[in-house]
file upload.csv (CSV, C-alpha atoms)
chain,number,residue,atom,x,y,z
W,108,MET,CA,92.1,118.7,111.3
W,109,ARG,CA,93.2,118.7,107.7
W,110,ARG,CA,95.4,120.9,105.6
W,111,TYR,CA,93.9,122.2,102.4
W,112,GLU,CA,94.9,124.5,99.6
W,113,THR,CA,92.5,126.3,97.4
W,114,ILE,CA,93.5,128.0,94.2
W,115,LEU,CA,91.2,130.6,92.7
W,116,ILE,CA,91.4,132.3,89.4
W,117,THR,CA,89.7,135.7,89.3
W,118,HIS,CA,89.1,138.1,86.5
W,119,VAL,CA,92.2,140.1,85.5
W,120,ASP,CA,90.4,143.4,85.3
W,121,LEU,CA,89.8,143.7,89.0
W,122,SER,CA,91.2,146.7,90.7
W,123,GLU,CA,93.7,146.5,93.5
W,124,ASP,CA,91.1,147.4,96.1
W,125,GLU,CA,88.7,144.8,94.9
W,126,LEU,CA,91.4,142.2,95.0
W,127,SER,CA,92.5,142.9,98.5
W,128,GLU,CA,88.9,143.1,99.6
W,129,LEU,CA,88.2,139.7,98.0
W,130,ILE,CA,91.3,138.2,99.7
W,131,THR,CA,90.4,139.5,103.1
W,132,ARG,CA,86.8,138.3,102.6
W,133,TYR,CA,87.9,134.7,101.9
W,134,GLY,CA,90.4,134.8,104.6
W,135,ASP,CA,87.7,135.8,107.0
W,136,ILE,CA,85.5,133.0,105.8
W,137,VAL,CA,88.2,130.5,106.7
W,138,LYS,CA,88.7,132.1,110.1
W,139,GLY,CA,85.0,132.3,110.7
W,140,GLN,CA,84.7,128.6,110.3
W,141,LYS,CA,87.4,128.0,112.9
W,142,GLY,CA,90.0,127.2,110.3
W,143,ILE,CA,93.6,128.2,110.6
W,144,LEU,CA,94.7,130.5,107.8
W,145,VAL,CA,98.3,129.6,107.0
W,146,LYS,CA,98.9,132.0,104.1
W,147,ILE,CA,97.5,133.6,101.1
W,148,GLU,CA,99.7,134.0,98.1
W,149,ARG,CA,99.2,136.1,95.1
W,150,TRP,CA,100.6,134.5,92.0
W,151,GLY,CA,99.6,137.4,89.9
W,152,LYS,CA,98.3,137.5,86.3
W,153,ARG,CA,98.9,134.5,84.2
W,154,ARG,CA,97.8,133.2,80.8
W,155,LEU,CA,95.3,130.4,81.1
W,156,ALA,CA,96.1,127.3,79.3
W,157,TYR,CA,92.5,127.3,77.9
W,158,LEU,CA,89.7,129.8,77.8
W,159,ILE,CA,87.5,130.0,80.9
W,160,ASN,CA,84.3,132.0,80.5
W,161,LYS,CA,85.9,133.4,77.3
W,162,GLN,CA,88.8,134.8,79.3
W,163,ALA,CA,92.4,134.1,78.2
W,164,ARG,CA,94.1,135.5,81.3
W,165,GLY,CA,93.4,135.2,85.0
W,166,TYR,CA,94.7,136.4,88.4
W,167,TYR,CA,95.8,133.5,90.5
W,168,ILE,CA,95.4,133.4,94.3
W,169,LEU,CA,96.4,130.6,96.5
W,170,ILE,CA,94.8,130.1,100.0
W,171,ASP,CA,96.6,127.7,102.3
W,172,TYR,CA,94.6,126.7,105.4
W,173,ALA,CA,93.8,124.0,107.8
W,174,GLY,CA,90.4,123.0,109.2
W,175,VAL,CA,87.6,120.5,109.1
W,176,GLY,CA,85.5,119.8,106.1
W,177,VAL,CA,83.0,122.5,107.0
W,178,VAL,CA,85.5,125.2,106.1
W,179,VAL,CA,85.9,123.8,102.6
W,180,ASP,CA,82.2,123.6,102.2
W,181,GLU,CA,81.6,127.2,103.3
W,182,LEU,CA,84.5,128.5,101.2
W,183,GLU,CA,83.5,126.7,98.1
W,184,ARG,CA,79.8,127.7,98.5
W,185,ASN,CA,80.9,131.3,98.5
W,186,LEU,CA,83.3,130.9,95.6
W,187,LYS,CA,80.5,129.4,93.5
W,188,ILE,CA,78.3,132.4,94.2
W,189,ASP,CA,81.0,135.0,93.4
W,190,ASP,CA,81.0,135.8,89.7
W,191,LYS,CA,84.5,137.4,89.8
W,192,ILE,CA,85.9,133.9,90.3
W,193,LEU,CA,86.5,132.1,87.0
W,194,LYS,CA,87.5,128.8,88.5
W,195,PHE,CA,88.8,127.3,91.8
W,196,MET,CA,90.2,124.1,93.0
W,197,THR,CA,90.7,122.7,96.5
W,198,ILE,CA,93.4,120.2,97.3
W,199,LEU,CA,93.8,118.1,100.4
W,200,LYS,CA,97.4,118.4,101.4
W,201,ALA,CA,97.6,116.5,104.7
W,202,ASP,CA,95.1,114.4,106.5
W,203,LYS,CA,96.3,115.1,110.0
W,204,VAL,CA,97.6,118.4,111.0
W,205,ASP,CA,98.8,119.4,114.4
W,206,PRO,CA,97.6,122.9,115.2
W,207,ALA,CA,100.7,123.6,117.3
W,208,ALA,CA,103.1,122.6,114.6
W,209,LEU,CA,101.1,124.8,112.2
W,210,GLU,CA,101.5,127.8,114.5
W,211,MET,CA,105.2,127.2,114.6
W,212,GLU,CA,105.4,127.2,110.8
W,213,MET,CA,103.4,130.3,110.5
W,214,ALA,CA,105.6,132.0,113.0
W,215,ASP,CA,108.6,131.0,110.9
W,216,ALA,CA,106.9,132.4,107.8
W,217,VAL,CA,106.2,135.7,109.5
W,218,GLY,CA,109.8,135.9,110.7
W,219,LYS,CA,111.0,135.4,107.1
W,220,SER,CA,108.6,138.0,105.7
W,221,ASP,CA,109.7,140.4,108.3
W,222,LYS,CA,113.3,140.0,107.2
W,223,LYS,CA,112.3,140.7,103.6
W,224,GLU,CA,110.2,143.7,104.6
W,225,ALA,CA,113.1,145.1,106.6
W,226,PRO,CA,114.7,146.9,103.5
W,227,VAL,CA,111.4,148.7,102.9
W,228,SER,CA,111.2,150.0,106.4
W,229,ALA,CA,114.9,150.8,106.8
W,230,PRO,CA,116.1,152.8,103.9
W,231,GLU,CA,119.4,153.8,105.6
W,232,ALA,CA,121.1,150.5,104.7
W,233,PRO,CA,119.9,149.5,101.2
W,234,PRO,CA,123.1,147.7,100.1
W,235,VAL,CA,123.1,145.5,103.2
W,236,ALA,CA,119.5,144.7,103.0
W,237,ALA,CA,119.7,143.9,99.3
W,238,LYS,CA,122.5,141.5,100.1
W,239,GLU,CA,120.5,139.8,102.8
W,240,ALA,CA,117.5,139.1,100.6
W,241,PRO,CA,119.2,136.9,98.0
W,242,VAL,CA,121.1,135.0,100.7
W,243,SER,CA,117.9,134.1,102.6
W,244,ALA,CA,116.1,133.2,99.4
W,245,PRO,CA,118.5,130.4,98.2
W,246,GLU,CA,118.7,129.1,101.8
W,247,ALA,CA,115.0,128.4,102.0
W,248,PRO,CA,114.6,125.6,99.4
W,249,PRO,CA,117.1,123.1,100.8
W,250,VAL,CA,115.9,123.6,104.4
W,251,ALA,CA,112.3,123.3,103.4
W,252,ALA,CA,113.0,120.2,101.2
W,253,ALA,CA,114.6,118.5,104.1
W,254,GLU,CA,111.9,119.4,106.5
W,255,GLU,CA,108.7,119.3,104.6
W,256,ALA,CA,107.3,119.1,101.1
W,257,VAL,CA,104.7,121.7,101.8
W,258,ALA,CA,107.2,124.5,102.5
W,259,ALA,CA,109.3,123.5,99.5
W,260,ASP,CA,106.6,124.0,96.9
W,261,ALA,CA,105.9,127.4,98.3
W,262,ALA,CA,109.5,128.5,98.4
W,263,PRO,CA,110.3,128.8,94.6
W,264,ALA,CA,107.1,130.6,94.0
W,265,GLU,CA,107.5,132.9,96.8
W,266,PRO,CA,110.1,135.6,95.8
W,267,PRO,CA,108.2,137.1,92.9
W,268,VAL,CA,104.9,136.9,94.8
W,269,ARG,CA,106.4,138.6,97.8
W,270,ASP,CA,107.8,141.4,95.7
W,271,ASP,CA,104.4,141.9,94.3
W,272,ILE,CA,103.0,142.2,97.8
W,273,THR,CA,105.5,144.6,99.1
W,274,THR,CA,105.2,146.9,96.1
W,275,GLN,CA,101.5,146.9,96.5
W,276,GLY,CA,102.0,147.8,100.1
W,277,ASP,CA,99.5,145.5,101.7
W,278,ASN,CA,100.1,142.5,103.9
W,279,GLN,CA,97.6,139.7,104.0
W,280,GLN,CA,98.6,138.4,107.3
M,53,MET,CA,140.3,104.0,50.5
M,54,ILE,CA,143.0,103.5,53.0
M,55,THR,CA,141.6,106.0,55.5
M,56,THR,CA,138.2,104.3,55.7
M,57,SER,CA,139.6,100.8,56.1
M,58,ALA,CA,142.1,101.9,58.8
M,59,PRO,CA,139.6,102.4,61.7
M,60,LYS,CA,137.6,99.4,60.7
M,61,GLY,CA,140.6,97.1,60.8
M,62,PRO,CA,141.2,96.7,64.6
M,63,ARG,CA,137.6,96.5,65.7
M,64,GLY,CA,136.3,94.4,62.8
M,65,PRO,CA,133.0,95.0,61.1
M,66,ARG,CA,130.2,96.3,63.3
M,67,PRO,CA,127.3,94.0,64.0
M,68,GLN,CA,124.3,95.2,62.0
M,69,LYS,CA,121.6,94.8,64.6
M,70,LYS,CA,123.3,96.7,67.4
M,71,PHE,CA,121.5,100.1,67.6
M,72,PHE,CA,122.2,102.6,70.3
M,73,HIS,CA,120.3,101.8,73.5
M,74,ARG,CA,120.2,104.2,76.3
M,75,ARG,CA,119.3,103.0,79.8
M,76,LYS,CA,116.1,104.8,80.9
M,77,PHE,CA,116.0,106.0,84.5
M,78,CYS,CA,113.4,107.7,86.7
M,79,ARG,CA,114.4,111.3,87.0
M,80,PHE,CA,112.6,111.8,90.2
M,81,CYS,CA,114.3,108.8,91.8
M,82,THR,CA,117.8,110.0,90.8
M,83,ASP,CA,117.3,113.6,91.7
M,84,SER,CA,115.4,114.2,94.9
M,85,ASN,CA,115.4,117.9,94.3
M,86,ILE,CA,112.7,117.8,91.7
M,87,LYS,CA,109.4,117.8,93.3
M,88,ILE,CA,106.3,116.6,91.5
M,89,GLU,CA,104.0,119.6,92.1
M,90,TYR,CA,101.0,120.7,90.2
M,91,LYS,CA,101.9,124.3,90.8
M,92,ASP,CA,105.0,123.9,88.7
M,93,PRO,CA,103.8,123.5,85.1
M,94,GLN,CA,107.3,124.0,83.7
M,95,THR,CA,108.5,120.7,85.0
M,96,LEU,CA,105.2,118.9,84.2
M,97,ARG,CA,105.3,120.1,80.6
M,98,GLU,CA,108.4,118.0,80.1
M,99,PHE,CA,106.3,114.9,80.7
M,100,THR,CA,103.5,115.8,78.3
M,101,THR,CA,103.5,115.6,74.5
M,102,GLU,CA,103.2,118.7,72.3
M,103,ARG,CA,99.5,117.9,72.1
M,104,GLY,CA,99.3,118.0,75.8
M,105,LYS,CA,99.0,114.3,76.4
M,106,ILE,CA,100.7,112.6,79.4
M,107,MET,CA,103.8,110.7,78.1
M,108,PRO,CA,103.8,107.0,78.9
M,109,ARG,CA,106.2,105.4,81.3
M,110,ARG,CA,107.8,103.4,78.5
M,111,ILE,CA,109.0,106.6,76.9
M,112,THR,CA,110.0,108.7,79.9
M,113,GLY,CA,111.3,105.8,81.9
M,114,ASN,CA,109.7,106.9,85.1
M,115,CYS,CA,109.1,104.5,87.9
M,116,ALA,CA,105.6,103.4,88.7
M,117,LYS,CA,105.4,105.4,91.9
M,118,HIS,CA,106.5,108.7,90.4
M,119,GLN,CA,104.4,108.2,87.2
M,120,ARG,CA,101.4,107.9,89.4
M,121,GLU,CA,102.2,111.1,91.3
M,122,LEU,CA,103.0,112.8,88.0
M,123,THR,CA,99.7,111.9,86.5
M,124,VAL,CA,97.8,113.3,89.4
M,125,ALA,CA,99.9,116.5,89.3
M,126,ILE,CA,99.3,117.0,85.6
M,127,LYS,CA,95.6,116.4,85.9
M,128,ARG,CA,95.4,119.0,88.8
M,129,ALA,CA,97.4,121.5,86.7
M,130,ARG,CA,94.9,121.0,83.9
M,131,THR,CA,92.0,121.6,86.1
M,132,ILE,CA,93.3,124.9,87.2
M,133,ALA,CA,94.3,126.0,83.6
M,134,LEU,CA,98.1,125.8,84.2
M,135,LEU,CA,98.3,123.0,81.6
M,136,PRO,CA,96.1,122.5,78.6
M,137,PHE,CA,93.8,119.5,78.2
M,138,VAL,CA,94.5,119.5,74.5
M,139,VAL,CA,96.6,121.6,72.2
M,140,SER,CA,94.6,121.6,69.0
M,141,GLU,CA,96.4,124.2,66.9
M,142,GLY,CA,99.5,123.3,64.9
call {"tool": "encode", "arguments": {"input": "upload.csv", "output": "structure tokens"}}
result
Amino acid sequence: MRRYETILITHVDLSEDELSELITRYGDIVKGQKGILVKIERWGKRRLAYLINKQARGYYILIDYAGVGVVVDELERNLKIDDKILKFMTILKADKVDPAALEMEMADAVGKSDKKEAPVSAPEAPPVAAKEAPVSAPEAPPVAAAEEAVAADAAPAEPPVRDDITTQGDNQQ
Amino acid sequence: MITTSAPKGPRGPRPQKKFFHRRKFCRFCTDSNIKIEYKDPQTLREFTTERGKIMPRRITGNCAKHQRELTVAIKRARTIALLPFVVSEG
């Protein structure tokens, strides 16, 4: 089993519904091919460094998953067909992945996101919750750097993305 | 004048050919916190010219290993439009 990462750039003018539908669809494709979906990150709208299909801006989505080559084939086949996708790129991150270790990592990630979502669900203690969030955020990079490069790259990019997700009120996992 | 000759006196005249030479070092070797990562165009941008070309090792002072990683990262970032292939304006 290998660990892959696919970045897609979609049109900026997609509505929120279309975006979440698109994300769940590609998540399902990964799962349908017996791949393990680790996470889907939304980077949000960004300026492109050069024009793609005459578009100067794009919405970035990152899909992190593990599986065999068939998963990538199927995902890329679908991406090619979809005309909402401006461009995509798949990266091989690790050659051998232990599914058990991956489950652990995913459980950790879920635990962290629960902590961050706590302030939303518990409005009685906003100051405490607000204090907790920044504490947990700086903690993440050093730990991740020590343990694994993969987690480290995700950590700096996470806070803005996570905020984005919570405000939009949908959870991809 | 007296003031100009005073500092020159103890050290003697400076040798003409001695220009300032700074030791180059690999930033990624000295600081393990910086990760070479195609998703971080801000860092990668420091290793490209204004035109968008990858800076050579003789200028940045990177070690061979990190320069290789950096090159791959910059090329990946270009593929996904985080970095430009070429900056033609200006």
call {"tool": "atom_distance", "arguments": {"input": "upload.csv", "atom1": "atom CA of Arg184 of chain W", "atom2": "atom CA of Ile136 of chain W"}}
result
10.7 Å
call {"tool": "closest_atom_pairs", "arguments": {"input": "upload.csv", "of": "chain W", "to": "chain M", "cutoff": "8 Å", "atoms": "all atoms listed in the file", "output": "JSON lines"}}
result
{"residue": "W:Ile114", "atom": "CA", "partner": "M:Ile132", "partner_atom": "CA", "distance": 7.7}
{"residue": "W:Ile116", "atom": "CA", "partner": "M:Ile132", "partner_atom": "CA", "distance": 8.0}
{"residue": "W:Leu155", "atom": "CA", "partner": "M:Ala133", "partner_atom": "CA", "distance": 5.2}
{"residue": "W:Ala156", "atom": "CA", "partner": "M:Ala133", "partner_atom": "CA", "distance": 4.8}
{"residue": "W:Tyr157", "atom": "CA", "partner": "M:Pro136", "partner_atom": "CA", "distance": 6.0}
{"residue": "W:Lys194", "atom": "CA", "partner": "M:Ile132", "partner_atom": "CA", "distance": 7.1}
{"residue": "W:Phe195", "atom": "CA", "partner": "M:Ile132", "partner_atom": "CA", "distance": 6.9}
{"residue": "W:Met196", "atom": "CA", "partner": "M:Ile132", "partner_atom": "CA", "distance": 6.6}
{"residue": "W:Ala252", "atom": "CA", "partner": "M:Asn85", "partner_atom": "CA", "distance": 7.7}
{"residue": "W:Asp260", "atom": "CA", "partner": "M:Glu89", "partner_atom": "CA", "distance": 7.0}
call {"tool": "atom_distance", "arguments": {"input": "upload.csv", "atom1": "atom CA of Arg103 of chain M", "atom2": "atom CA of Thr123 of chain M"}}
result
15.6 Å
call {"tool": "atom_distance", "arguments": {"input": "upload.csv", "atom1": "atom CA of Val178 of chain W", "atom2": "atom CA of Ile147 of chain W"}}
result
15.5 Å
call {"tool": "residues_around", "arguments": {"input": "upload.csv", "residues": "Met108 of chain W", "least_positions_apart": "6", "cutoff": "7 Å", "atoms": "all atoms listed in the file", "output": "CSV table (one decimal) with C-alpha atoms, in the frame of the given file"}}
result
chain,number,residue,atom,x,y,z
W,173,ALA,CA,93.8,124.0,107.8
W,174,GLY,CA,90.4,123.0,109.2
W,175,VAL,CA,87.6,120.5,109.1
W,203,LYS,CA,96.3,115.1,110.0
W,204,VAL,CA,97.6,118.4,111.0
call {"tool": "closest_residue", "arguments": {"input": "upload.csv", "among": "W:Ala163, W:Ala214, W:Val179, W:Ala201", "to": "Asp120 of chain W", "atoms": "all atoms listed in the file"}}
result
W:Ala163
call {"tool": "residues_near_point", "arguments": {"input": "upload.csv", "point": "(97.4, 134.8, 92.6)", "cutoff": "10 Å", "atoms": "all atoms listed in the file", "output": "ChimeraX atom specification"}}
result
/W:114-117,126,130,147-153,165-170,268
